[in-house]
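Let me begin by presenting the structure, written as structure tokens, before commenting on it.
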Amino acid sequence: MAKKIEKARPGTMKKVLGYIGKYKLLLPVSILLAVISVSLTLYIPTLIGEAIDLIAHINEPEVGSIDRITGVLIEAGLLIAVTAVAQWLMSTINNKISFGVVRDIRNDAFSKIETLPLSYVDRKAHGDVVSRVINDADQFAEGLLLGFTQLFTGVLTIIGTLAFMIYLNWVIAIVVFVLTPLSLFIARFIASRTYSMFKARSEYEGAATAYINEIVGNEKVVKAFSQEGKTLEKFANINAGLEKASLKAIFFSSLTNPTTRFVNSVVYAAVALVGALMAIPSVNSGAIVALVSVGELACLLSYANQYTKPFNEISGVLAEFQNSLACASRVFELIEEESEIPDKTDAVKLSGVEGNVSLKDVHFSYVPEKPLIEDLNLEVKPGMRVAIVGPTGCGKTTLINLLMRFYDVKEGSICVEGNDIRDVTRESLRESYGMVLQDTWLRAGTVRENIAMAKPEATDEEIIAAAKAAHAHSFIKRLKNGYDTVLGEGGEGLSQGQKQLLCITRIMLSLPPMLILDEATSSIDTRTEIRIQKAFLEMMEGRTSFIVAHRLSTIMGADLILVMKDGHIVESGNHKELLDKGGFYSTLYNSQFAH
Amino acid sequence: MKRLLKYLKSYKKECVLGPLFKMFEATLELIVPLVIAAIVDRGIGDGSTGFVIKASLFLLLLGAVGLGFSLTAQYFSAKAAVGFVGKLRYALFEKVGTLSYSDIDELGTSTLITRMTQDASKVQNGLNLALRLLLRSPFVVFGAMIMAFTVDAKSALTFAAVIPLLSIVVFGIMLITMPLYKKAQKGTDGLLSRTRENLSGVRVIRAFRQEDEEIEAFKGENDVLTAVQRRVGRISALMNPLTYVLINVAILLLIHTGAMQVKAGNLTQGQVVALYNYMSQILVELIKLANLIISITKALASASRIADVLDIVPTENMGTLTEGKNSDTSVEFRSVSLAYNGSSEPSLEDVSFVAKKGDTIGIIGGTGSGKSTLVNMIGAFYKATSGEVLVDGVEVSEYERDALRAKVGIVPQSAVLFNGTIRENLHWGNESATDEDILAAVRMAQAADVLEAKGGLDAMIEQGGKNLSGGQKQRLTIARALVRKPEILILDDSASALDYATDAALRASLREIGGDTTVFIVSQRASSIMHADKIIVLDDGQAVGIGAHDELLASCPVYREIYATQFSEVENG
């Protein structure tokens with residue numbers, strides 16, 4: 001209605017048709033059924049009209065007898081049954097097509113997510129992507145279904161009714177035909193008039209929602225400063241404005257319905273008038289004739305009612321359908337997003353990794369105008385521990401992004417065992433690293449499934465051994481069903497520390513030759529933290545490890561410390577060298593750990 | 001639920017007039033078939049052109065008067081719905097202001113927000129619809145039936161039979177499909193959380209090469225959802241054909257019995273037409289009613305969610321004292337325990353300590369050890385389950401709410417600022433603070449450069465402080481608490497976004513506040529609290545050590561452990 005309709009991008013309909021193509025055979029059946037049900041729906045009133053006409057002559061034995069009426073009614077009854085079946089089949093088929101199409105689109109969208117470059121995932125608001133896969137797809141399904149069933153049958157009904165009316169009586173048909181666009185016109189007039197009111201309302205609504213979000217979302221702070229009264233006062237103002245705007249918008253927009261209904265009554269009255277006048281028998285060249293029979297009039301009246309209905313609906317459905325295409329185009333935008341650069345066709349599988357990693361003249365930046373890593377050279381030998389330190393938000397994860405090839409270097413190269421990582425398969429590269437991040441990720445499933453993620457063929461003994469090594473066995477044992485305990489989405493039911501231990505167990509089990517670890521800062525209690533620390537140390541034994549480090553002991557034990565600031569690596573060396581240098585590291589060290 | 005009705009009270013008139021005018025309109029609609037019958041019998045039957053014209057004009061009049069009634073009804077119901085929901089929103093907002101921290105924790109702010117926005121607007125739509133249509137549709141259905149009886153009782157029996165059947169079909173299908181719709185919603189929620197997880201966990205999924213497994217899992221869930229949706233679709237697709245068959249078969253029966261009656265001379269042809277028209281009206285109204293009931297059920301669910309919030313008895317009960325006793329003790333905990341609602345494990349257990357005026361108290365411990373809980377009890381934001389919390393020698397709940405809180409300046413863990421100028425934000429600390437007071441607080445909070453960068457006290461802060469960095473926000477929230485010149489200053493782990501140099505400078509300037517101000521510093525870093533007069537070490541809600549740094553190093557193993565992980569090798573090296 002007054003809702004502003006976002007336009008779908010050109011070509012969307014074609015893509016939708018592409019998805020519908022899978023149901024090529026069902027589509028014509030659906031159309032055929034629509035034609036059958038609409039034409040029968042229109043034909044049946046004429047039979048009823050006929051029966052009513054027969055009633056008029058019921059006392060004239062040769063024309064009207066109960067038997068003849070019964071005959072007509074039985075015919076109508078059979079057709080009614082056929083219509084109902086056709087209607088139901090059509091809806092069922094449309095259902096099947098719509099939900100199937102949306103399922104396919106959703107699957108494609110989700111599959112796309114798994115191949116999107118990390119830069120896309122990092123840049124885009126996740127809520128927006130989720131809403132494309134879920135909400136937009138849902139709305140599209142609804143709109144498509146509505147479009148199929150109502151738009152199509154609506155148009156057919158209008159055309160059919162007109163045809164039947166012309167067939168029955170062309171004069172009345174013209175009366176109806178002239179009057180009905182009036183209702184469309186009025187609806188449009190009201191819609192355009194109320195648009196500004198709706199805009200005003202949604203502005204107030206936006207302001208109220210924003211204020212509620214801000215205040216209620218931070219109610220604790222409000223209370224801490226005793227601002228309850230003041231905020232309530234301000235809200236009362238916004239609320240009053242919203243009320244006023246809503247009343248106007250709701251009242252004026254609800255004018256459409258009664259007004260079009262009034263137009264319907266005008267049409268109805270006009271048909272009654274013209275029809276009845278023509279039904280009055282007159283003497284014409286000697287014979288008594290009526291231009292319209294009573295049955296036909298009853299029939300025309302019911303058409304007049306039916307005819308205006310789809311008109312009222314269609315404008316609504318059309319808007320809905322357009323909106324659903326806009327939704328579809330948002331989903332398609334995601335599906336057509338560029339995937340990450342695929343592995344080279346001659347990419348080799350990385351094997352026999354001992355832990356030699358070398359970075360040569362590496363340049364990298366997320367955005368071209370803000371260079372981050374410039375000319376970084378690193379030679380990491382098997383078993384070396386590399387600690388990455390720096391203040392929060394200094395870009396410590398950037399290096400991890402490059403090592404795991406979540407992002408590609410802009411210049412230079414990263415080699416593992418002498419192989420440029422762009423020449424090996426991503427799978428084999430990532431298999432060579434064991435990664436434990438601060439934000440733990442567990443999937444819905446049992447503890448066992450979560451541990452065996454990287455090594456599905458692991459035996460129970462292996463899993464338990466890994467859990468013991470990661471100091472996780474004791475808490476897992478105490479869970480309700482031990483290793484078979486089902487975890488909720490995101491590891492619900494476990495503490496942050498326990499989740500972290502599970503993620504470590506996962507790595508303990510597969511024990512890849514190289515490690516990437518992110519030490520937790522805050523969310524873990526002291527005891528668990530010490531356990532995790534121990535597990536980390538055991539794991540790092542003899543493995544090349546890259547650690548985003550927060551603990552002094554880790555940093556001091558590292559063979560190489562990379563000091564980062566504002567995304568740049570500003571210093572590197574071991575603890576002693578860096579302290580002696582008296583640069584950023586030593587200030588950092590002194591302010592954090594000394595005083 | 002019933003208590004919501006009181007907000008409707010001031011709209012009594014509207015609530016009566018809305019449906020009433022709607023019924024007037026419906027009554028007019030019920031007259032139409034009678035007019036048509038008259039046209040057939042008297043106009044056409046007797047060949048009276050004059051009568052036909054008069055009757056048609058009458059139809060037109062009915063339509064016009066109906067329009068007037070309808071608009072009146074529309075206005076009253078919109079007014080009642082909008083006004084009612086406005087009052088509800090206000091009541092909710094007011095209620096939220098009276099909730100204690102435990103209440104807020106239990107409910108979660110996001111549900112509170114949803115109730116004030118989405119639920120409120122669903123209730124508005126529902127009430128508006130209900131006032132207009134809830135009475136109208138049954139009125140037309142039964143009205144049509146009664147009118148049919150007045151036309152011809154024998155034929156009208158068909159109506160008496162078909163109306164219950166129709167109701168069974170319409171409401172039966174609704175009853176069957178409603179739980180299925182819920183199931184479909186659950187399926188959608190499942191897909192939603194999987195999609196969200198795959199975005200947030202993208203690194204782990206790719207590191208473990210789980211992409212294909214995730215796609216398979218998604219497809220599986222998607223198939224299940226699609227199957228449910230198709231099943232619901234198939235069942236609800238029965239609605240139209242079934243009602244269509246019922247009504248039309250009834251019409252056929254009607255015409256058949258009508259024909260017999262006409263033959264027997266009990267009925268005219270026009271009356272048969274009228275009966276036919278009534279039957280058609282019933283169908284239209286029943287379908288409308290079914291749709292209406294779906295929207296109203298949704299609105300009722302929203303309404304009961306709103307009522308749940310309004311029904312909460314806030315646990316924040318405060319006294320009337322405005323002044324404490326004169327004593328040199330600022331804060332005292334006497335074997336205080338606190339268990340959150342519904343939790344059997346206490347968050348704080350048997351904590352006792354004394355803070356003298358001018359003391360700096362450090363509180364350290366892991367996450368979930370009860371640090372924030374402890375400091376929030378000073379302002380009576382949480383209430384002790386047992387034991388006593390005293391401020392200036394008086395149990396906190398005996399104070400008048402604002403009097404107690406005026407004594408306390410809190411810098412909360414999350415740095416929250418509000419839409420408005422910097423001055424407005426800092427005035428939250430103290431309404432009557434002068435610009436000099438504010439600037440002094442800003443300097444002390446090391447935030448002078450923030451003012452400079454943003455362009456002074458009149459610079460606008462966007463909602464949620466979006467145009468500030470984490471560190472800038474944190475320093476302004478510290479300034480906000482300092483503007484109050486509080487007797488008790490609480491820094492709840494509020495230096496996390498500051499770099500080490502700023503943090504150190506801040507601590508130095510806080511040491512200079514001096515005087516009678518008691519400072520509580522909550523932190524995970526031993527370095528932030530080690531110079532405090534008294535350190536409280538919390539572990540799992542218990543105070544496992546209270547004392548100065550050196551005492552604790554000697555006597556408290558947990559403190560030693562924390563200190564060791566952060567410092568040991570410095571000491572050794």
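Ordered as shown in the structure tokens, chains take letters A, B, and onward, while each chain numbers its residues from 1 and ligands are numbered from 1 in the order shown.
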Practice task
May I have the residues within 9 Å of Ile463 of chain A as a list in words, using only C-alpha atoms and disregarding those fewer than 2 positions away in the same chain?
Solution key: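 Once the nearby chain positions are removed, what remains is Arg448, Ile451, Ala452, Ala458, Thr459, Asp460, Glu461, Ala465, Ala466, Ala467, Lys468, Thr505, Arg506, Met508 and Leu509 of chain A.
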Written file, previous selection with N, CA and C atoms, as a compact mmCIF listing (two decimals), in the first residue's frame:
```
# COMPACT_ATOMS: atom_id res chain seq x y z
N ARG A 448 31.98 -36.13 22.05
CA ARG A 448 32.85 -36.99 21.25
C ARG A 448 32.94 -36.45 19.80
N ILE A 451 35.10 -33.45 19.59
CA ILE A 451 36.54 -33.70 19.70
C ILE A 451 37.07 -34.31 18.41
N ALA A 452 36.29 -35.23 17.84
CA ALA A 452 36.78 -36.00 16.69
C ALA A 452 36.61 -35.24 15.37
N ALA A 458 38.90 -41.52 14.73
CA ALA A 458 39.59 -41.77 16.00
C ALA A 458 38.83 -42.76 16.88
N THR A 459 39.58 -43.63 17.57
CA THR A 459 38.94 -44.59 18.49
C THR A 459 38.66 -43.92 19.82
N ASP A 460 37.83 -44.59 20.65
CA ASP A 460 37.52 -44.06 21.97
C ASP A 460 38.78 -43.87 22.80
N GLU A 461 39.68 -44.84 22.70
CA GLU A 461 40.92 -44.76 23.50
C GLU A 461 41.69 -43.50 23.13
N ALA A 465 42.52 -40.44 25.57
CA ALA A 465 43.93 -40.09 25.78
C ALA A 465 44.15 -38.60 25.50
N ALA A 466 43.56 -38.13 24.40
CA ALA A 466 43.71 -36.72 24.04
C ALA A 466 43.09 -35.83 25.12
N ALA A 467 41.91 -36.23 25.60
CA ALA A 467 41.22 -35.44 26.62
C ALA A 467 42.05 -35.38 27.90
N LYS A 468 42.68 -36.51 28.24
CA LYS A 468 43.52 -36.52 29.43
C LYS A 468 44.69 -35.57 29.25
N THR A 505 41.46 -30.17 23.23
CA THR A 505 41.42 -31.62 23.07
C THR A 505 41.34 -32.01 21.60
N ARG A 506 40.54 -31.22 20.88
CA ARG A 506 40.36 -31.44 19.45
C ARG A 506 41.72 -31.45 18.75
N MET A 508 44.68 -31.79 20.31
CA MET A 508 45.48 -32.86 20.91
C MET A 508 45.28 -34.16 20.16
N LEU A 509 44.06 -34.36 19.70
CA LEU A 509 43.74 -35.62 19.03
C LEU A 509 44.42 -35.71 17.67
```
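The environment of segment 561-567 of chain A within 7 Å, counting only C-alpha atoms and disregarding residues fewer than 5 places along the same chain, consists of Leu372, Val386, Ala387, Ile388, Val389, Gly390, Pro391, Cys394, Gly395, Lys396, Ile555, Ser572, Gly573, Asn574, His575 and Tyr585 of chain A.
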Kindly save the residues from that selection, with N, CA and C atoms included, as a PDB file, in the first residue's frame.
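Writing the result to selection37.pdb gives the following:
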```
ATOM      1  N   LEU A 372      49.343  -2.295   6.094  1.00  0.00           N
ATOM      2  CA  LEU A 372      49.505  -2.810   7.453  1.00  0.00           C
ATOM      3  C   LEU A 372      50.865  -3.472   7.634  1.00  0.00           C
ATOM      4  N   VAL A 386      56.779 -18.703  18.250  1.00  0.00           N
ATOM      5  CA  VAL A 386      56.707 -17.297  17.872  1.00  0.00           C
ATOM      6  C   VAL A 386      55.567 -16.649  18.652  1.00  0.00           C
ATOM      7  N   ALA A 387      55.899 -15.656  19.453  1.00  0.00           N
ATOM      8  CA  ALA A 387      54.855 -14.972  20.227  1.00  0.00           C
ATOM      9  C   ALA A 387      54.520 -13.645  19.561  1.00  0.00           C
ATOM     10  N   ILE A 388      53.239 -13.374  19.447  1.00  0.00           N
ATOM     11  CA  ILE A 388      52.802 -12.097  18.876  1.00  0.00           C
ATOM     12  C   ILE A 388      52.209 -11.291  20.020  1.00  0.00           C
ATOM     13  N   VAL A 389      52.765 -10.123  20.309  1.00  0.00           N
ATOM     14  CA  VAL A 389      52.268  -9.327  21.422  1.00  0.00           C
ATOM     15  C   VAL A 389      51.935  -7.912  20.975  1.00  0.00           C
ATOM     16  N   GLY A 390      51.178  -7.237  21.798  1.00  0.00           N
ATOM     17  CA  GLY A 390      50.808  -5.868  21.494  1.00  0.00           C
ATOM     18  C   GLY A 390      49.516  -5.517  22.191  1.00  0.00           C
ATOM     19  N   PRO A 391      49.169  -4.230  22.241  1.00  0.00           N
ATOM     20  CA  PRO A 391      47.930  -3.829  22.904  1.00  0.00           C
ATOM     21  C   PRO A 391      46.712  -4.378  22.175  1.00  0.00           C
ATOM     22  N   CYS A 394      45.472  -4.378  18.036  1.00  0.00           N
ATOM     23  CA  CYS A 394      46.600  -3.921  17.244  1.00  0.00           C
ATOM     24  C   CYS A 394      46.761  -4.766  15.987  1.00  0.00           C
ATOM     25  N   GLY A 395      45.859  -5.734  15.802  1.00  0.00           N
ATOM     26  CA  GLY A 395      45.912  -6.511  14.570  1.00  0.00           C
ATOM     27  C   GLY A 395      46.718  -7.785  14.680  1.00  0.00           C
ATOM     28  N   LYS A 396      46.687  -8.381  15.888  1.00  0.00           N
ATOM     29  CA  LYS A 396      47.472  -9.592  16.074  1.00  0.00           C
ATOM     30  C   LYS A 396      46.940 -10.752  15.228  1.00  0.00           C
ATOM     31  N   ILE A 555      55.434 -15.268  26.740  1.00  0.00           N
ATOM     32  CA  ILE A 555      56.218 -14.327  25.946  1.00  0.00           C
ATOM     33  C   ILE A 555      57.700 -14.532  26.200  1.00  0.00           C
ATOM     34  N   SER A 572      60.949  -6.944  16.530  1.00  0.00           N
ATOM     35  CA  SER A 572      60.971  -8.384  16.704  1.00  0.00           C
ATOM     36  C   SER A 572      62.314  -8.808  17.283  1.00  0.00           C
ATOM     37  N   GLY A 573      62.297  -9.947  17.940  1.00  0.00           N
ATOM     38  CA  GLY A 573      63.500 -10.431  18.597  1.00  0.00           C
ATOM     39  C   GLY A 573      63.096 -11.226  19.815  1.00  0.00           C
ATOM     40  N   ASN A 574      64.057 -11.681  20.645  1.00  0.00           N
ATOM     41  CA  ASN A 574      63.635 -12.367  21.853  1.00  0.00           C
ATOM     42  C   ASN A 574      63.545 -11.365  23.003  1.00  0.00           C
ATOM     43  N   HIS A 575      63.076 -11.851  24.131  1.00  0.00           N
ATOM     44  CA  HIS A 575      62.746 -10.978  25.255  1.00  0.00           C
ATOM     45  C   HIS A 575      63.926 -10.075  25.631  1.00  0.00           C
ATOM     46  N   TYR A 585      58.449  -2.335  23.064  1.00  0.00           N
ATOM     47  CA  TYR A 585      58.278  -3.528  23.891  1.00  0.00           C
ATOM     48  C   TYR A 585      58.627  -3.249  25.338  1.00  0.00           C
TER      49      TYR A 585
END
```
Exercise for the section: Could you check which of A:Gly497, A:Pro258, A:Pro45, A:Pro10 is closest to Ile80 of chain A, using only C-alpha atoms? Expected result: A:Pro45
Handout entry: Pro382 of chain A environment, 9 Å, only C-alpha atoms, sequence neighbours closer than 4 positions dropped, as number ranges by chain
Key = A: 354-357, 513-514, 542-545
Selection from above, C-alpha atoms, as a PDB file, in the first residue's frame, can you write it?
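In the end it all went to result-v5.pdb:
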```pdb
ATOM      1  CA  GLU A 354      58.121 -30.478   9.765  1.00  0.00           C
ATOM      2  CA  GLY A 355      57.410 -26.890  10.606  1.00  0.00           C
ATOM      3  CA  ASN A 356      59.541 -24.740   8.322  1.00  0.00           C
ATOM      4  CA  VAL A 357      57.676 -21.528   7.605  1.00  0.00           C
ATOM      5  CA  PRO A 513      52.787 -30.355  12.988  1.00  0.00           C
ATOM      6  CA  MET A 514      52.139 -26.645  13.492  1.00  0.00           C
ATOM      7  CA  GLY A 542      58.409 -29.898  19.545  1.00  0.00           C
ATOM      8  CA  ARG A 543      55.908 -28.082  17.328  1.00  0.00           C
ATOM      9  CA  THR A 544      56.244 -24.872  15.433  1.00  0.00           C
ATOM     10  CA  SER A 545      53.813 -22.569  17.170  1.00  0.00           C
TER      11      SER A 545
END
```
Problem - Selection near segment 289-301 of chain B, 12 Å with only C-alpha atoms, sequence-local residues under 5 positions removed, as number ranges by chain - result: B: 1-2, 4, 81, 85, 115, 118-141, 166-175, 177-178, 181-182, 236, 239-240, 243, 282-284, 306-308
Exercise for the section: Compile the contact shell of segment 207-217 of chain B as JSON, numbers by chain: residues with an atom at most 6 Å away, counting only C-alpha atoms, same-chain residues fewer than 6 positions apart removed. Expected result: {"A": [111, 114, 430, 454]}
Would you mind exporting C-alpha atoms of the selected residues as a PDB file, in the first residue's frame?
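Final output, saved to part12.pdb:
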```pdb
ATOM      1  CA  SER A 111      26.781 -23.183   0.221  1.00  0.00           C
ATOM      2  CA  GLU A 114      31.164 -21.623   2.888  1.00  0.00           C
ATOM      3  CA  ARG A 430      44.934 -25.967   6.995  1.00  0.00           C
ATOM      4  CA  ALA A 454      39.471 -33.187  12.672  1.00  0.00           C
TER       5      ALA A 454
END
```
